[in-house]
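Worksheet: one structure, shown below.
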Amino acid sequence: MADLSPLALQLRRFRANRLAMVSLGLLTCIIFACFFGPYAFPFSGEDADFDYISARIDLFSPHPFGTDEFGRDLLVRVLEGGQVSLTIGFLGALVAGGIGVLYGAVAGYAGGRADSLMMRAVEILYGFPYVILVILLSLLLGGGNVALFAAIVFTLWLTPAVIVRAQAQSLAKREFIEAARAGGMTPRQIVLEHIVPNCAGVVIVYGSLLVPEVILAESFLSFLGIGIKEPQASWGNLIQAGVSEMETDLRLLLLPGGLLAATLFCLNFIADGLRDAFDPNDR
Amino acid sequence: MPLTPTTANLLSVRDLVVSFRLPGGAMTAVDRVTFDVKPGEVLGIVGESGSGKSQILFSLMGLLAANGSVGGQAVFQGQNLLGLTPAALDRVRGVSLSMIFQDPMTSLNPYKRVGDQLAEGLRVHQGLSKSDAWRSAVKMLDRVRIPDAANRARRYPHEFSGGMRQRVMIAMSLLVRPALLLADEPTTALDVTIQAQVLDLMAELAREIGTAIILVTHDLGVVARLCDRVIVLYGGRIMEQGSAEPLFINPVHPYSQGLLAATPRLTDALTPRLGTIPGTPRSGGAMLPGCPFAPRCTVKIAACETTQPPLTAITPDRHAACHLTGAP
Amino acid sequence: MLRFVLKRTGDGLLTLAALVTLTFFALRLAPGGPFSRNRKISPEVQANIEAAFHLDEPVIQQFGRYLWGLAHLDLGPSTRFRDYSVSDLIASGLPYSLTIGFWAVVVATFVGIGFGLIGALRRNSATDYAVGVIAVTGIAVPIFVIGPLAQVVFALNLNWVPVAGTDGGWRSLVLPILVLSLPNIAYISRLTRSAMIETMRENYVRTARAKGIGPTRTIVHHALTGAMLPVIAYLGPATAAIITGSILIETIFAVPGIGRFFVDAALNRDYPLVMGITLLYGGLLIAFNIATDLLRGWMDPRVRHG
């Protein structure tokens, strides 16, 4: 067998996973469509077209997937909604993951009192049913999109923190950390240069699940009316609008719902693939 | 189970082959191994890591990994173990054939009391009642010198030290009075200071019951201490076999000679260097056309790399597979 | 064992205390009071209302008053539904939420474990893949998409169950319970499956097989305990997830449970009601976590021996 670095081996394993690769491809298409698709149309998702109110699917009309009751093109709205959901998703996962990793690395490496205190705080926060925490935080920070983002991130950093802390704890006992300390590295340096990078594998595996979690959280809240609000589109509030029409017109529900489901499917399969690639003991 | 006093073989292994399906291709771990075990005797199988010695035991017990396959036969008490269905094998395992494993720390069920684990075999195979089985279990714990056996039996494995856990394993496997005990490196994971104790205990108990032992190890000292006969294994093939003491005093095969030269002895002069065998043990891959030891052999000839030397009798009591020691 | 129980209960109470305190002060510090969204009322009326609800007192005093009320199981009056106290509101919604939540947990646990075991013991068979597909669907497709779709298919088109509301007796609860349990069925079945596969690989299961006790006994007496532990550990978070999901379910299926009250209360800054429901959920969750920890302590002697 050729001599490959561990990272190259892991990437190769990932590439061999067809389901994950197909998902990756599909996801890329969805992202591309959401961010560049709307440019293909002469109107935006907020423009009302009074000639076509509640139009049905007609692939040859200017509105191929129809419009809603205000005459807004459904496809463009769904794509624009995708922009919002996907951006919040990836950005949120990044921030939540970042906070979690730092918190966990510090707690795990520090050990002792600091660790128990930090973990106690995590335990208490974990005890909240998650939606309650998000709603409370969203309120506290004054409602609005930034508050929403902050609230979601604040609930989701807990899991990465717990996982990284466990990893950091076992790392802290290893000899090379001891050597670094003996060599005069400050705790801050050790955490940033040794502990955090060595948690990369674990972080990638569990962190990749954060993206669908954030997207789900935002959609969930937008569906309830607490998240992204009209007229701005997000998959969540589009689905909610679709639900109110579902007895007569399913496509208002199916288009955003289907796209959301497809995105989440892809993200989950990719996360699974990453986990299989970086930890081959599974399955 | 009661043994009929006979010199007929208890176990006859013929041309045992064990191979594994790996992503990179098939790998042969055991290559046509043939040996016999007599009732009550202690046979040692010695070799380095990767020599395939543990796989021999696993194949007899039907515990091979899912990607493994066996060939050849292993006749035990009139049945070919390798051809038995799992259900039929369950009537042999834990009844007349027992096994103890290398790592005592993980080989016992952490969620069950030690006494229950001991009693289980008796209850399942001999239909003993709970209390009778428990009583036998406690007696056996006492026999393997676990102090305060009656109370200790109610404890869980994590409350025992490594050495004690291995003694529990010995108790568990010999409680059913098997005809043959397979021991896979039973003391490798233990403290050096208690290895001898545990080994002696195992041998003593087995002698008492009349159980034969196949002892797999990489430690020559262990073999010298306990074994009547020895098989030296390398690369899945038998290099040399015979009675233990004569083999140790006068090894014939270059590999055996190398192994013994690498073992420090109190009687040796204080030489500055320990003898070593050059190279590293075989790992994976297909079998070589010639002798598996050829790449590392210091006295090889041309034939060694092209043809596998057959296992031939040097004396009635000694067989070796080497072109240089070929049949007269 | 007793020490373990006491310790866990003590921990739980501590967490509950922290919960009460945090929530109380957090809400007080939130921008906007409970009345700032109403139509314009004169400052005097506003002051009167605030006095009636003790909102003009120092925060610490309000807290003390609240704790005193808690001790008497009085959660205070709702600031939005003036004629009702928080306890009344919670009491009216609780039966619905509890029923749906309870059954969702039960269904999720049993079906999830069942699917997971089948998947583990019949790996890569058709059943395994079918179960796998259900699992991914449950995890990936959100409740608020499955719920309405289920309504369209089973209620509107097939007419097996009512679309929403609670008039249909037990039939009204079928869809809410099933949809609510779906994500957890998915998660639990995946967890069970991988836990079982991993446990079967353990050395002590190999020892059991070597004793010739047969596959059934090996699985039931040796592999099952180890496999169930991570699943039981997950039941705590699973309940939290169900509580979260129940809010959505109550909205979609028009069930007058406390989930809906919560969202309304949050949007209208009805502090007492938000507090009351938060405490209820938090307390429930803490109790449930203690129960599962105790169960694990009973199953795994290494946990209870410290």
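A note on labels: chains of the structure tokens are A, B, ... as shown, every chain counts residues from 1, and ligands are counted from 1 in their shown order.
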How close does chain C get to chain A? List, as JSON lines, each residue of chain C within 6 Å, its nearest atom pair and the distance in Å to one decimal, counting only C-alpha atoms.
```
{"residue": "C:Thr15", "atom": "CA", "partner": "A:Ile124", "partner_atom": "CA", "distance": 5.8}
{"residue": "C:Ala30", "atom": "CA", "partner": "A:Leu140", "partner_atom": "CA", "distance": 4.4}
{"residue": "C:Ala140", "atom": "CA", "partner": "A:Leu264", "partner_atom": "CA", "distance": 5.1}
{"residue": "C:Val141", "atom": "CA", "partner": "A:Ala261", "partner_atom": "CA", "distance": 4.9}
{"residue": "C:Val145", "atom": "CA", "partner": "A:Gly257", "partner_atom": "CA", "distance": 5.9}
{"residue": "C:Ala240", "atom": "CA", "partner": "A:Pro129", "partner_atom": "CA", "distance": 4.9}
{"residue": "C:Thr244", "atom": "CA", "partner": "A:Val131", "partner_atom": "CA", "distance": 5.6}
{"residue": "C:Gly282", "atom": "CA", "partner": "A:Phe128", "partner_atom": "CA", "distance": 5.8}
```
With N, CA and C atoms kept, could you save the residues just selected as a CSV table (one decimal), in the first residue's frame?
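And here is the file that came out, again00.csv:
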```csv
chain,number,residue,atom,x,y,z
C,15,THR,N,-29.3,22.1,40.0
C,15,THR,CA,-29.6,22.5,38.7
C,15,THR,C,-30.9,23.2,38.6
C,30,ALA,N,-34.7,41.5,30.2
C,30,ALA,CA,-35.0,41.5,28.8
C,30,ALA,C,-35.6,42.9,28.5
C,140,ALA,N,-33.6,13.6,9.0
C,140,ALA,CA,-33.4,14.7,8.1
C,140,ALA,C,-34.6,15.5,7.8
C,141,VAL,N,-35.8,14.9,7.6
C,141,VAL,CA,-37.0,15.6,7.3
C,141,VAL,C,-37.6,16.2,8.5
C,145,VAL,N,-42.5,19.5,8.3
C,145,VAL,CA,-42.8,19.1,6.9
C,145,VAL,C,-43.5,17.8,7.0
C,240,ALA,N,-36.0,15.8,26.1
C,240,ALA,CA,-35.8,17.2,25.8
C,240,ALA,C,-36.3,17.5,24.4
C,244,THR,N,-39.3,19.8,22.9
C,244,THR,CA,-39.2,20.8,21.9
C,244,THR,C,-40.1,20.6,20.7
C,282,GLY,N,-38.2,22.3,32.7
C,282,GLY,CA,-36.9,22.1,33.3
C,282,GLY,C,-37.0,21.0,34.4
```
Checklist line | At most 12 Å to chain B: residues in chain C, only C-alpha atoms, as a VMD selection string | finding: chain C and resid 199 to 218 221 to 229 296 to 306
Notebook entry, point to check: Rounded to one decimal in Å, what is the spacing between CA of Arg275 (chain A) and CA of Ala241 (chain C)?
Noted result: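 Interatomic distance, CA of Arg275 (chain A) to CA of Ala241 (chain C): 23.0 Å.
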Next item on the list: Work out how far CA of Val33 (chain B) is from CA of Ile238 (chain B), in Å to one decimal.
Entry: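 Going from CA of Ile238 (chain B) over to CA of Val33 (chain B), I get 6.4 Å.
If you count only C-alpha atoms and ignore residues fewer than 5 places along the chain from Leu220 (chain B), what sits within 10 Å of it is Gly44, Ile45, Val46, Gly47, Arg225, Val230, Phe248, Leu259, Leu260 and Thr263 of chain B.
CA of Tyr187 (chain C) is found 22.6 Å from CA of Arg18 (chain A).
Residues lying within 8 Å of region 108-116 of chain C, counting only C-alpha atoms and ignoring same-chain neighbours fewer than 6 positions away, are Val131, Ser181, Leu182, Asn184, Ile185, Ala186, Tyr187, Ile188, Ser189, Arg190, Leu191, Thr192, Arg193 and Ser194 of chain C.
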Export of prior selection with N, CA and C atoms as a PDB file, in the first residue's frame:
```pdb
ATOM      1  N   VAL C 131     -34.979  -0.129   7.507  1.00  0.00           N
ATOM      2  CA  VAL C 131     -34.902   0.579   8.784  1.00  0.00           C
ATOM      3  C   VAL C 131     -33.985   1.788   8.664  1.00  0.00           C
ATOM      4  N   SER C 181     -42.854  11.262  17.497  1.00  0.00           N
ATOM      5  CA  SER C 181     -41.872  10.245  17.865  1.00  0.00           C
ATOM      6  C   SER C 181     -40.899   9.942  16.748  1.00  0.00           C
ATOM      7  N   LEU C 182     -41.259  10.329  15.521  1.00  0.00           N
ATOM      8  CA  LEU C 182     -40.425   9.914  14.380  1.00  0.00           C
ATOM      9  C   LEU C 182     -38.946  10.285  14.473  1.00  0.00           C
ATOM     10  N   ASN C 184     -37.107  10.763  16.990  1.00  0.00           N
ATOM     11  CA  ASN C 184     -36.449   9.968  18.020  1.00  0.00           C
ATOM     12  C   ASN C 184     -36.380   8.499  17.671  1.00  0.00           C
ATOM     13  N   ILE C 185     -37.397   7.993  16.964  1.00  0.00           N
ATOM     14  CA  ILE C 185     -37.302   6.615  16.478  1.00  0.00           C
ATOM     15  C   ILE C 185     -36.041   6.494  15.641  1.00  0.00           C
ATOM     16  N   ALA C 186     -35.871   7.483  14.778  1.00  0.00           N
ATOM     17  CA  ALA C 186     -34.719   7.460  13.895  1.00  0.00           C
ATOM     18  C   ALA C 186     -33.423   7.433  14.695  1.00  0.00           C
ATOM     19  N   TYR C 187     -33.304   8.372  15.602  1.00  0.00           N
ATOM     20  CA  TYR C 187     -32.068   8.497  16.355  1.00  0.00           C
ATOM     21  C   TYR C 187     -31.805   7.281  17.220  1.00  0.00           C
ATOM     22  N   ILE C 188     -32.835   6.837  17.921  1.00  0.00           N
ATOM     23  CA  ILE C 188     -32.650   5.701  18.832  1.00  0.00           C
ATOM     24  C   ILE C 188     -32.318   4.439  18.053  1.00  0.00           C
ATOM     25  N   SER C 189     -32.931   4.265  16.888  1.00  0.00           N
ATOM     26  CA  SER C 189     -32.633   3.030  16.160  1.00  0.00           C
ATOM     27  C   SER C 189     -31.192   3.040  15.671  1.00  0.00           C
ATOM     28  N   ARG C 190     -30.715   4.197  15.227  1.00  0.00           N
ATOM     29  CA  ARG C 190     -29.322   4.251  14.798  1.00  0.00           C
ATOM     30  C   ARG C 190     -28.375   4.000  15.977  1.00  0.00           C
ATOM     31  N   LEU C 191     -28.694   4.601  17.083  1.00  0.00           N
ATOM     32  CA  LEU C 191     -27.870   4.456  18.270  1.00  0.00           C
ATOM     33  C   LEU C 191     -27.836   3.010  18.731  1.00  0.00           C
ATOM     34  N   THR C 192     -29.017   2.399  18.795  1.00  0.00           N
ATOM     35  CA  THR C 192     -29.094   1.005  19.235  1.00  0.00           C
ATOM     36  C   THR C 192     -28.295   0.117  18.300  1.00  0.00           C
ATOM     37  N   ARG C 193     -28.476   0.337  17.015  1.00  0.00           N
ATOM     38  CA  ARG C 193     -27.799  -0.507  16.046  1.00  0.00           C
ATOM     39  C   ARG C 193     -26.284  -0.436  16.209  1.00  0.00           C
ATOM     40  N   SER C 194     -25.736   0.769  16.273  1.00  0.00           N
ATOM     41  CA  SER C 194     -24.279   0.834  16.367  1.00  0.00           C
ATOM     42  C   SER C 194     -23.799   0.383  17.735  1.00  0.00           C
TER      43      SER C 194
END
```
